[in-house]
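File shown: structure-v3.pdb. Contents: PDB, C-alpha atoms.
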ATOM      1  CA  MET H   1      23.160 -12.314-156.009
ATOM      2  CA  TYR H   2      21.838 -14.370-153.093
ATOM      3  CA  ASP H   3      24.024 -17.330-154.008
ATOM      4  CA  PHE H   4      27.100 -15.117-154.137
ATOM      5  CA  LEU H   5      26.342 -13.456-150.776
ATOM      6  CA  PHE H   6      25.181 -16.518-148.868
ATOM      7  CA  GLY H   7      27.255 -19.205-150.528
ATOM      8  CA  LYS H   8      30.547 -17.581-151.482
ATOM      9  CA  LEU H   9      31.265 -14.243-149.810
ATOM     10  CA  TYR H  10      29.807 -14.677-146.331
ATOM     11  CA  PRO H  11      31.668 -17.886-145.414
ATOM     12  CA  TRP H  12      34.986 -16.262-146.364
ATOM     13  CA  VAL H  13      34.277 -13.065-144.455
ATOM     14  CA  SER H  14      33.066 -15.028-141.441
ATOM     15  CA  ASP H  15      36.185 -17.223-141.415
ATOM     16  CA  ILE H  16      38.484 -14.206-141.774
ATOM     17  CA  ALA H  17      36.685 -12.388-138.941
ATOM     18  CA  LEU H  18      37.033 -15.450-136.702
ATOM     19  CA  LEU H  19      40.732 -15.739-137.530
ATOM     20  CA  VAL H  20      41.303 -12.030-136.828
ATOM     21  CA  PHE H  21      39.439 -12.356-133.517
ATOM     22  CA  LEU H  22      41.558 -15.328-132.456
ATOM     23  CA  VAL H  23      44.810 -13.607-133.464
ATOM     24  CA  ASP H  24      43.765 -10.509-131.510
ATOM     25  CA  LEU H  25      42.834 -12.563-128.468
ATOM     26  CA  ILE H  26      45.759 -15.000-128.427
ATOM     27  CA  ILE H  27      48.617 -12.903-129.829
ATOM     28  CA  VAL H  28      47.886  -9.169-129.982
ATOM     29  CA  LEU H  29      46.324  -8.618-126.560
ATOM     30  CA  PRO H  30      49.153 -10.335-124.644
ATOM     31  CA  ILE H  31      51.748  -8.354-126.614
ATOM     32  CA  SER H  32      49.970  -5.139-125.615
ATOM     33  CA  LEU H  33      51.196  -5.727-122.068
ATOM     34  CA  PHE H  34      54.539  -4.346-123.267
ATOM     35  CA  ARG H  35      54.495  -0.531-123.320
ATOM     36  CA  LYS H  36      56.564  -0.166-126.470
ATOM     37  CA  ALA H  37      54.193  -2.374-128.443
ATOM     38  CA  ARG H  38      50.960  -0.653-127.415
ATOM     39  CA  MET H  39      50.741   1.758-130.338
ATOM     40  CA  ILE H  40      51.056  -1.109-132.808
ATOM     41  CA  THR H  41      48.771  -3.506-130.942
ATOM     42  CA  GLY H  42      46.166  -0.796-130.386
ATOM     43  CA  SER H  43      46.236  -0.031-134.105
ATOM     44  CA  ILE H  44      45.914  -3.715-135.001
ATOM     45  CA  ILE H  45      42.865  -4.078-132.753
ATOM     46  CA  LEU H  46      41.390  -0.891-134.206
ATOM     47  CA  TYR H  47      41.846  -2.194-137.754
ATOM     48  CA  SER H  48      40.381  -5.521-136.672
ATOM     49  CA  SER H  49      37.192  -3.698-135.769
ATOM     50  CA  TRP H  50      36.765  -2.850-139.448
ATOM     51  CA  VAL H  51      36.879  -6.551-140.330
ATOM     52  CA  PHE H  52      34.289  -7.244-137.627
ATOM     53  CA  GLY H  53      32.230  -4.308-138.887
ATOM     54  CA  PHE H  54      32.235  -5.630-142.441
ATOM     55  CA  GLN H  55      31.091  -9.014-141.217
ATOM     56  CA  LEU H  56      28.326  -7.336-139.182
ATOM     57  CA  TRP H  57      27.243  -5.251-142.166
ATOM     58  CA  LEU H  58      27.193  -8.279-144.443
ATOM     59  CA  THR H  59      25.183 -10.247-141.886
ATOM     60  CA  GLY H  60      22.723  -7.362-141.590
ATOM     61  CA  LEU H  61      22.381  -7.135-145.358
ATOM     62  CA  MET H  62      21.809 -10.859-145.736
ATOM     63  CA  LEU H  63      19.248 -11.032-142.933
ATOM     64  CA  THR H  64      17.385  -7.993-144.241
ATOM     65  CA  LEU H  65      17.275  -9.526-147.715
ATOM     66  CA  GLN H  66      16.195 -12.877-146.338
ATOM     67  CA  ILE H  67      13.506 -11.659-143.957
ATOM     68  CA  TRP H  68      12.055  -8.512-145.532
ATOM     69  CA  GLY H  69      13.302  -8.607-149.111
ATOM     70  CA  LEU H  70      15.172  -6.480-151.625
ATOM     71  CA  GLY H  71      13.084  -3.306-151.294
ATOM     72  CA  ILE H  72      13.752  -2.908-147.575
ATOM     73  CA  ALA H  73      17.415  -3.844-148.080
ATOM     74  CA  ILE H  74      17.788  -1.052-150.656
ATOM     75  CA  PHE H  75      16.029   1.286-148.239
ATOM     76  CA  GLY H  76      18.569   0.317-145.558
ATOM     77  CA  LEU H  77      21.472   0.812-147.938
ATOM     78  CA  LEU H  78      20.300   4.342-148.675
ATOM     79  CA  PHE H  79      21.022   5.284-145.065
ATOM     80  CA  LEU H  80      24.781   5.585-145.599
ATOM     81  CA  GLY H  81      24.884   1.848-146.164
ATOM     82  CA  VAL H  82      24.644   1.024-142.473
ATOM     83  CA  GLY H  83      20.867   1.043-142.214
ATOM     84  CA  VAL H  84      20.735  -2.665-142.985
ATOM     85  CA  VAL H  85      22.107  -3.528-139.538
ATOM     86  CA  PRO H  86      19.387  -1.844-137.446
ATOM     87  CA  ILE H  87      16.759  -2.987-139.951
ATOM     88  CA  ALA H  88      18.035  -6.559-139.630
ATOM     89  CA  MET H  89      17.873  -6.254-135.853
ATOM     90  CA  ILE H  90      14.276  -5.055-136.039
ATOM     91  CA  ALA H  91      13.383  -7.757-138.574
ATOM     92  CA  THR H  92      14.851 -10.527-136.416
ATOM     93  CA  LEU H  93      13.086  -9.103-133.355
ATOM     94  CA  PHE H  94       9.682  -8.951-135.059
ATOM     95  CA  ASN H  95      10.093 -12.425-136.538
ATOM     96  CA  GLY H  96      11.298 -14.078-133.349
ATOM     97  CA  ARG H  97      14.656 -15.052-134.793
ATOM     98  CA  TRP H  98      16.482 -14.827-131.477
ATOM     99  CA  PRO H  99      19.774 -16.523-132.426
ATOM    100  CA  GLU H 100      20.272 -14.095-135.322
ATOM    101  CA  LEU H 101      19.366 -11.123-133.113
ATOM    102  CA  LEU H 102      21.869 -12.313-130.519
ATOM    103  CA  GLN H 103      24.528 -12.688-133.219
ATOM    104  CA  LEU H 104      23.898  -9.155-134.488
ATOM    105  CA  THR H 105      23.966  -7.734-130.966
ATOM    106  CA  LEU H 106      27.195  -9.512-130.016
ATOM    107  CA  SER H 107      28.795  -8.508-133.310
ATOM    108  CA  LEU H 108      27.826  -4.884-132.704
ATOM    109  CA  ILE H 109      29.372  -5.045-129.229
ATOM    110  CA  LEU H 110      32.503  -6.629-130.732
ATOM    111  CA  VAL H 111      32.844  -3.885-133.361
ATOM    112  CA  PHE H 112      32.560  -0.965-130.975
ATOM    113  CA  GLY H 113      34.291  -2.751-128.112
ATOM    114  CA  SER H 114      37.353  -3.502-130.230
ATOM    115  CA  ARG H 115      37.418   0.102-131.476
ATOM    116  CA  LEU H 116      37.326   1.443-127.939
ATOM    117  CA  LEU H 117      39.903  -1.080-126.766
ATOM    118  CA  GLY H 118      42.206  -0.275-129.687
ATOM    119  CA  PHE H 119      42.003   3.460-128.970
ATOM    120  CA  TYR H 120      42.517   2.841-125.259
ATOM    121  CA  ILE H 121      45.618   0.693-125.748
ATOM    122  CA  ALA H 122      47.113   3.113-128.284
ATOM    123  CA  SER H 123      46.380   6.085-126.007
ATOM    124  CA  LYS H 124      48.259   4.357-123.196
ATOM    125  CA  SER H 125      51.286   4.350-125.475
ATOM    126  CA  ILE H 126      50.895   8.043-126.289
ATOM    127  CA  LYS H 127      50.386   8.929-122.630
ATOM    128  CA  HIS H 128      53.486   6.966-121.660
ATOM    129  CA  GLU H 129      55.585   8.617-124.389
ATOM    130  CA  ALA H 130      54.456  12.097-123.333
ATOM    131  CA  THR H 131      55.259  11.380-119.680
ATOM    132  CA  TYR H 132      58.606   9.853-120.613
ATOM    133  CA  SER H 133      59.657  12.758-122.831
ATOM    134  CA  GLN H 134      58.732  15.339-120.154
ATOM    135  CA  SER H 135      60.740  13.597-117.449
ATOM    136  CA  ASN H 136      63.810  13.061-119.680
ATOM    137  CA  PRO H 137      64.631  16.290-121.568
TER
END
Could you rewrite the structure in this file as structure tokens?
Amino acid sequence: MYDFLFGKLYPWVSDIALLVFLVDLIIVLPISLFRKARMITGSIILYSSWVFGFQLWLTGLMLTLQIWGLGIAIFGLLFLGVGVVPIAMIATLFNGRWPELLQLTLSLILVFGSRLLGFYIASKSIKHEATYSQSNP
């Protein structure tokens, strides 16, 4: 199980998350400057947050397994599956693993930041459409 998570799955998920981040940053965000594209670009960024979230969850699971073992990882999974992320943050904090704690923190900010940004961009499209349809009956 460890070999599959650490050696096979995580590198793929990490590479995909990096690619999605770069596409969002280089292509999707500039396109969102156009009003007509905002609903689509906001949705793309929102869906990207799920990719980032999966990578965060997988990182949390792996760190929890690595630092505190299978029992605590199962305990974290029992909390709707997302308990491994805060447990991993606590484990890295107590064990002085600062780079991993920083990675978890930045990933958490990326997940919720991209969700908020996606909703914000999409809402700008909805707001514009509502204003446009009221002024042009």
Inset, instruction - List the neighbours of stretch 100-103 of chain H out to 10 Å using all atoms listed in the file; skip same-chain residues closer than 4 positions along the sequence, and give me the result as a list in words. - result: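 So the residues in contact are Leu56, Thr59, Gly60, Leu63, Ala88, Met89, Ile90, Ala91, Thr92, Leu93, Asn95, Gly96, Ser107, Leu108 and Ile109 of chain H.
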Inset, instruction - Just the residues within 12 Å of H:Gly113, please, counting only C-alpha atoms, with nothing from its chain fewer than 4 positions along; format it as number ranges by chain. - result: H: 45-46, 48-50, 52-53, 105-109, 117-120
Legend entry - Selection near H:Ile74, 10 Å with only C-alpha atoms, sequence-local residues under 4 positions removed, as a ChimeraX atom specification: /H:61,64-65,69-70,78-79,81,83-84
Inset, instruction - Could you tell me how far atom CA of H:Lys36 lies from atom CA of H:Ser125, in Å and to one decimal? - result: 7.0 Å
Inset, instruction - Find the residue from H:Ile40, H:Phe34, H:Pro86, H:Arg97 that sits nearest to H:Ile67; use only C-alpha atoms when measuring. - result: H:Arg97
Legend entry - Distance in Å - atom CA of H:Ala122 versus atom CA of H:Ser43: 6.7 Å
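Interatomic distance, atom CA of H:Leu104 against atom CA of H:Val85: 7.8 Å.
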Can you translate the PyMOL selection byres ((chain H and resi 2-13) around 10) into the concrete residues it hits in this file, as a tab-separated table (two decimals) with C-alpha atoms, in the coordinates of the input?
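Below is the file expr32.tsv, written as the result:
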chain	number	residue	atom	x	y	z
H	1	MET	CA	23.16	-12.31	-156.01
H	14	SER	CA	33.07	-15.03	-141.44
H	15	ASP	CA	36.18	-17.22	-141.42
H	16	ILE	CA	38.48	-14.21	-141.77
H	17	ALA	CA	36.68	-12.39	-138.94
H	18	LEU	CA	37.03	-15.45	-136.70
H	19	LEU	CA	40.73	-15.74	-137.53
H	51	VAL	CA	36.88	-6.55	-140.33
H	52	PHE	CA	34.29	-7.24	-137.63
H	54	PHE	CA	32.24	-5.63	-142.44
H	55	GLN	CA	31.09	-9.01	-141.22
H	56	LEU	CA	28.33	-7.34	-139.18
H	58	LEU	CA	27.19	-8.28	-144.44
H	59	THR	CA	25.18	-10.25	-141.89
H	61	LEU	CA	22.38	-7.14	-145.36
H	62	MET	CA	21.81	-10.86	-145.74
H	65	LEU	CA	17.27	-9.53	-147.72
H	66	GLN	CA	16.20	-12.88	-146.34
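Counting all atoms listed in the file, the residue from H:Val20, H:Ile87, H:Ile72, H:Leu29 that sits nearest to H:Tyr47 is H:Val20.
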Inset, instruction - Have a look at H:Arg115, H:Phe94, H:Val82, H:Ser32 and name the one nearest to H:Trp68; count all atoms listed in the file. - result: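 Checking each candidate against H:Trp68, we get H:Phe94 as the closest.
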Inset, instruction - Compare H:Ile126, H:Ala73, H:Val111, H:Ile121 by their minimum atom-to-atom distance to H:Leu33, counting only C-alpha atoms, and give me the closest one. - result: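 Closest to H:Leu33 of all the choices is H:Ile121.
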Once you add 4 Å to each side, what are the centre and edge lengths of the axis-aligned box holding all listed atoms of stretch 13-18 of chain H? One decimal in Å, as AutoDock Vina command-line options, if you can.
--center_x 35.8 --center_y -14.8 --center_z -140.6 --size_x 13.4 --size_y 12.8 --size_z 15.8
